[in-house]
file upload.txt (compact mmCIF, C-alpha atoms)
# COMPACT_ATOMS: atom_id res chain seq x y z
CA MET A 1385 24.87 12.84 -5.27
CA ILE A 1386 21.46 11.25 -5.79
CA SER A 1387 21.31 7.47 -5.59
CA SER A 1388 19.91 5.71 -8.60
CA PHE A 1389 16.60 3.91 -8.31
CA ARG A 1390 18.40 0.61 -8.85
CA GLU A 1391 20.76 1.24 -5.91
CA VAL A 1392 17.91 2.19 -3.58
CA ILE A 1393 15.82 -0.87 -4.53
CA SER A 1394 18.85 -3.14 -4.21
CA ALA A 1395 19.58 -1.88 -0.68
CA TYR A 1396 15.89 -2.14 0.27
CA SER A 1397 15.70 -5.71 -1.06
CA THR A 1398 18.83 -6.72 0.85
CA GLU A 1399 17.48 -5.31 4.12
CA THR A 1400 14.00 -6.85 3.71
CA LYS A 1401 15.65 -10.22 2.99
CA LYS A 1402 17.54 -9.91 6.29
CA LEU A 1403 14.30 -8.99 8.10
CA ILE A 1404 12.41 -11.94 6.61
CA THR A 1405 15.26 -14.30 7.56
CA LYS A 1406 15.13 -13.10 11.18
CA ILE A 1407 11.33 -13.39 11.32
CA SER A 1408 11.29 -16.85 9.76
CA ASP A 1409 14.01 -18.06 12.17
CA VAL A 1410 12.00 -16.85 15.17
CA ILE A 1411 8.82 -18.51 13.85
CA SER A 1412 10.57 -21.80 13.07
CA GLU A 1413 12.13 -21.91 16.56
CA GLY A 1414 8.73 -21.08 18.07
CA LEU A 1415 7.26 -24.04 16.21
CA GLY A 1416 9.99 -26.33 17.55
CA LEU A 1417 11.82 -26.50 14.22
CA GLU A 1418 15.49 -25.83 13.68
CA LYS A 1419 16.66 -22.30 12.91
CA GLY A 1420 16.76 -21.80 9.15
CA TYR A 1421 13.98 -24.32 8.49
CA PHE A 1422 12.26 -21.92 6.09
CA GLY A 1423 15.49 -21.17 4.24
CA GLY A 1424 16.61 -22.83 1.06
CA GLU A 1425 14.11 -23.27 -1.76
CA LEU A 1426 11.18 -21.91 0.25
CA SER A 1427 12.73 -18.48 0.54
CA GLN A 1428 14.92 -18.12 -2.54
CA VAL A 1429 12.48 -16.04 -4.55
CA GLN A 1430 11.93 -12.48 -3.40
CA MET A 1431 9.43 -10.26 -5.17
CA LEU A 1432 8.96 -6.52 -4.82
CA SER A 1433 5.66 -4.95 -5.80
CA VAL A 1434 5.17 -1.22 -5.54
CA ASN A 1435 1.65 0.14 -5.63
CA TYR A 1436 0.51 3.68 -5.05
CA TYR A 1437 -2.99 4.19 -3.73
CA PRO A 1438 -3.81 7.87 -3.37
CA PRO A 1439 -6.42 8.82 -0.76
CA CYS A 1440 -9.92 8.17 -2.09
CA PRO A 1441 -12.36 11.09 -1.79
CA ASP A 1442 -15.32 8.70 -1.33
CA PRO A 1443 -14.11 5.33 0.00
CA ASP A 1444 -17.67 3.99 0.40
CA VAL A 1445 -17.98 3.66 -3.37
CA ALA A 1446 -14.41 2.52 -4.09
CA LEU A 1447 -13.72 -0.99 -5.33
CA GLY A 1448 -10.79 -2.76 -3.73
CA MET A 1449 -9.06 -6.03 -4.30
CA HIS A 1450 -10.93 -9.25 -3.71
CA SER A 1451 -10.08 -11.25 -0.61
CA HIS A 1452 -6.91 -13.22 -1.21
CA CYS A 1453 -3.90 -14.85 0.36
CA ASP A 1454 -0.47 -13.79 -0.86
CA PRO A 1455 1.34 -16.72 -2.56
CA ASN A 1456 4.57 -16.65 -0.54
CA LEU A 1457 5.85 -17.17 3.01
CA PHE A 1458 5.57 -13.54 4.15
CA THR A 1459 4.41 -10.20 2.87
CA ILE A 1460 5.97 -7.03 4.23
CA LEU A 1461 3.70 -4.06 3.70
CA HIS A 1462 4.29 -0.37 4.24
CA GLN A 1463 0.89 1.29 4.48
CA ALA A 1464 2.16 4.85 4.98
CA ASN A 1465 -1.02 6.76 5.87
CA VAL A 1466 -3.31 4.90 3.48
CA TYR A 1467 -6.32 3.07 4.90
CA GLY A 1468 -7.77 0.06 3.14
CA LEU A 1469 -5.99 -3.04 4.43
CA GLN A 1470 -8.39 -5.44 6.10
CA ILE A 1471 -7.91 -8.80 7.78
CA PHE A 1472 -10.42 -11.60 8.20
CA LYS A 1473 -10.65 -12.55 11.85
CA ASP A 1474 -13.39 -14.24 13.89
CA GLY A 1475 -15.67 -14.45 10.87
CA LYS A 1476 -15.58 -10.76 9.94
CA TRP A 1477 -13.42 -8.26 8.10
CA SER A 1478 -11.62 -5.69 10.24
CA ALA A 1479 -9.69 -2.62 9.12
CA VAL A 1480 -5.99 -2.40 9.94
CA GLU A 1481 -5.14 1.13 11.01
CA PRO A 1482 -1.97 2.26 9.26
CA LEU A 1483 1.10 3.09 11.32
CA PRO A 1484 3.10 5.67 9.32
CA ASN A 1485 6.60 4.50 10.25
CA ALA A 1486 6.02 0.77 10.50
CA PHE A 1487 5.85 -2.34 8.36
CA VAL A 1488 3.03 -4.87 8.56
CA VAL A 1489 4.28 -8.46 8.34
CA LEU A 1490 1.64 -10.84 6.99
CA ILE A 1491 1.81 -14.62 7.10
CA ALA A 1492 1.10 -15.70 3.54
CA CYS A 1493 -0.28 -18.85 1.87
CA GLN A 1494 2.84 -21.05 1.91
CA LEU A 1495 3.35 -20.61 5.64
CA GLN A 1496 -0.31 -21.01 6.55

call {"tool": "encode", "arguments": {"input": "upload.txt", "output": "structure tokens"}}
result
Amino acid sequence: MISSFREVISAYSTETKKLITKISDVISEGLGLEKGYFGGELSQVQMLSVNYYPPCPDPDVALGMHSHCDPNLFTILHQANVYGLQIFKDGKWSAVEPLPNAFVVLIACQLQ
């Protein structure tokens, strides 16, 4: 039996919420705050965005998104095998090499 899209997204959302809770607890403890500090109103809203970026035949002429900071505590990103994510570090933009079976966890605007 094939699971419905709704069931798959619901399970994915539940598991990412658990992951974010664990990550935020570790960060809060590392900052000397009590476990669960980032819970409550700061982490009630969860948003799922799904984008598909097929490989670009000529990436030198492709237009990407402008530099930005995500407007939440964390962003969990699955890059698959798609290049394009860059981070700004030490005054320059650097590419983030995708890891096919991994998630990238980004600290977003509210936590910065």

call {"tool": "closest_residue", "arguments": {"input": "upload.txt", "among": "A:Leu1432, A:Asn1465, A:Lys1406, A:Gly1424", "to": "Ile1393 in chain A", "atoms": "all atoms listed in the file"}}
result
A:Leu1432

call {"tool": "atom_distance", "arguments": {"input": "upload.txt", "atom1": "CA of Phe1472 in chain A", "atom2": "CA of Val1434 in chain A"}}
result
23.2 Å

call {"tool": "residues_near_point", "arguments": {"input": "upload.txt", "point": "(-6.6, 10.9, 2.0)", "cutoff": "9 Å", "atoms": "all atoms listed in the file", "output": "list in words"}}
result
Pro1438, Pro1439, Cys1440, Pro1441, Asn1465, Val1466 and Tyr1467 of chain A

call {"tool": "residues_around", "arguments": {"input": "upload.txt", "residues": "Ser1427 in chain A", "least_positions_apart": "6", "cutoff": "10 Å", "atoms": "all atoms listed in the file", "output": "PyMOL selection string"}}
result
chain A and resi 1401+1404-1405+1408+1421+1456-1458

call {"tool": "residues_around", "arguments": {"input": "upload.txt", "residues": "Asn1435 in chain A", "least_positions_apart": "5", "cutoff": "12 Å", "atoms": "only C-alpha atoms", "output": "list in words"}}
result
Leu1461, His1462, Gln1463, Ala1464 and Val1466 of chain A

call {"tool": "atom_distance", "arguments": {"input": "upload.txt", "atom1": "CA of Gly1420 in chain A", "atom2": "CA of Ile1407 in chain A"}}
result
10.2 Å

call {"tool": "atom_distance", "arguments": {"input": "upload.txt", "atom1": "CA of Glu1425 in chain A", "atom2": "CA of Leu1469 in chain A"}}
result
29.2 Å

call {"tool": "closest_residue", "arguments": {"input": "upload.txt", "among": "A:Gly1423, A:Pro1455, A:Gly1468, A:Gly1475", "to": "Asp1409 in chain A", "atoms": "all atoms listed in the file"}}
result
A:Gly1423

call {"tool": "closest_residue", "arguments": {"input": "upload.txt", "among": "A:Gln1428, A:Ser1451, A:Asp1442, A:Cys1493", "to": "Lys1476 in chain A", "atoms": "all atoms listed in the file"}}
result
A:Ser1451

call {"tool": "closest_residue", "arguments": {"input": "upload.txt", "among": "A:Ile1491, A:Ala1395, A:Ala1486, A:Ile1460", "to": "Ser1433 in chain A", "atoms": "only C-alpha atoms"}}
result
A:Ile1460

call {"tool": "build_atoms", "arguments": {"input": "upload.txt", "residues": "range 1420-1439 of chain A", "atoms": "N, CA and C atoms", "output": "short mmCIF file (atom, residue, chain, number, x, y, z; two decimals), in the frame of the given file"}}
result
data_model
loop_
_atom_site.label_atom_id
_atom_site.label_comp_id
_atom_site.auth_asym_id
_atom_site.auth_seq_id
_atom_site.Cartn_x
_atom_site.Cartn_y
_atom_site.Cartn_z
N GLY A 1420 16.47 -21.69 10.58
CA GLY A 1420 16.76 -21.80 9.15
C GLY A 1420 15.86 -22.78 8.42
N TYR A 1421 14.87 -23.33 9.10
CA TYR A 1421 13.98 -24.32 8.49
C TYR A 1421 13.32 -23.78 7.23
N PHE A 1422 12.94 -22.52 7.24
CA PHE A 1422 12.26 -21.92 6.09
C PHE A 1422 13.22 -21.34 5.07
N GLY A 1423 14.51 -21.62 5.22
CA GLY A 1423 15.49 -21.17 4.24
C GLY A 1423 15.48 -22.07 3.02
N GLY A 1424 16.51 -21.98 2.24
CA GLY A 1424 16.61 -22.83 1.06
C GLY A 1424 15.59 -22.47 -0.01
N GLU A 1425 15.02 -23.49 -0.64
CA GLU A 1425 14.11 -23.27 -1.76
C GLU A 1425 12.86 -22.49 -1.39
N LEU A 1426 12.40 -22.63 -0.15
CA LEU A 1426 11.18 -21.91 0.25
C LEU A 1426 11.34 -20.40 0.24
N SER A 1427 12.54 -19.93 0.42
CA SER A 1427 12.73 -18.48 0.54
C SER A 1427 13.71 -17.90 -0.47
N GLN A 1428 13.98 -18.63 -1.54
CA GLN A 1428 14.92 -18.12 -2.54
C GLN A 1428 14.34 -16.98 -3.37
N VAL A 1429 13.08 -17.04 -3.68
CA VAL A 1429 12.48 -16.04 -4.55
C VAL A 1429 11.96 -14.88 -3.70
N GLN A 1430 12.40 -13.70 -4.07
CA GLN A 1430 11.93 -12.48 -3.40
C GLN A 1430 11.31 -11.60 -4.47
N MET A 1431 10.13 -11.08 -4.19
CA MET A 1431 9.43 -10.26 -5.17
C MET A 1431 9.11 -8.91 -4.53
N LEU A 1432 9.28 -7.86 -5.29
CA LEU A 1432 8.96 -6.52 -4.82
C LEU A 1432 7.86 -5.96 -5.70
N SER A 1433 6.75 -5.62 -5.09
CA SER A 1433 5.66 -4.95 -5.80
C SER A 1433 5.48 -3.58 -5.19
N VAL A 1434 5.38 -2.58 -6.02
CA VAL A 1434 5.17 -1.22 -5.54
C VAL A 1434 3.86 -0.72 -6.11
N ASN A 1435 2.94 -0.40 -5.23
CA ASN A 1435 1.65 0.14 -5.63
C ASN A 1435 1.46 1.48 -4.94
N TYR A 1436 0.83 2.39 -5.64
CA TYR A 1436 0.51 3.68 -5.05
C TYR A 1436 -1.00 3.84 -5.06
N TYR A 1437 -1.56 3.99 -3.89
CA TYR A 1437 -2.99 4.19 -3.73
C TYR A 1437 -3.22 5.56 -3.12
N PRO A 1438 -3.55 6.54 -3.93
CA PRO A 1438 -3.81 7.87 -3.37
C PRO A 1438 -5.08 7.84 -2.52
N PRO A 1439 -5.19 8.77 -1.57
CA PRO A 1439 -6.42 8.82 -0.76
C PRO A 1439 -7.65 8.94 -1.65
#
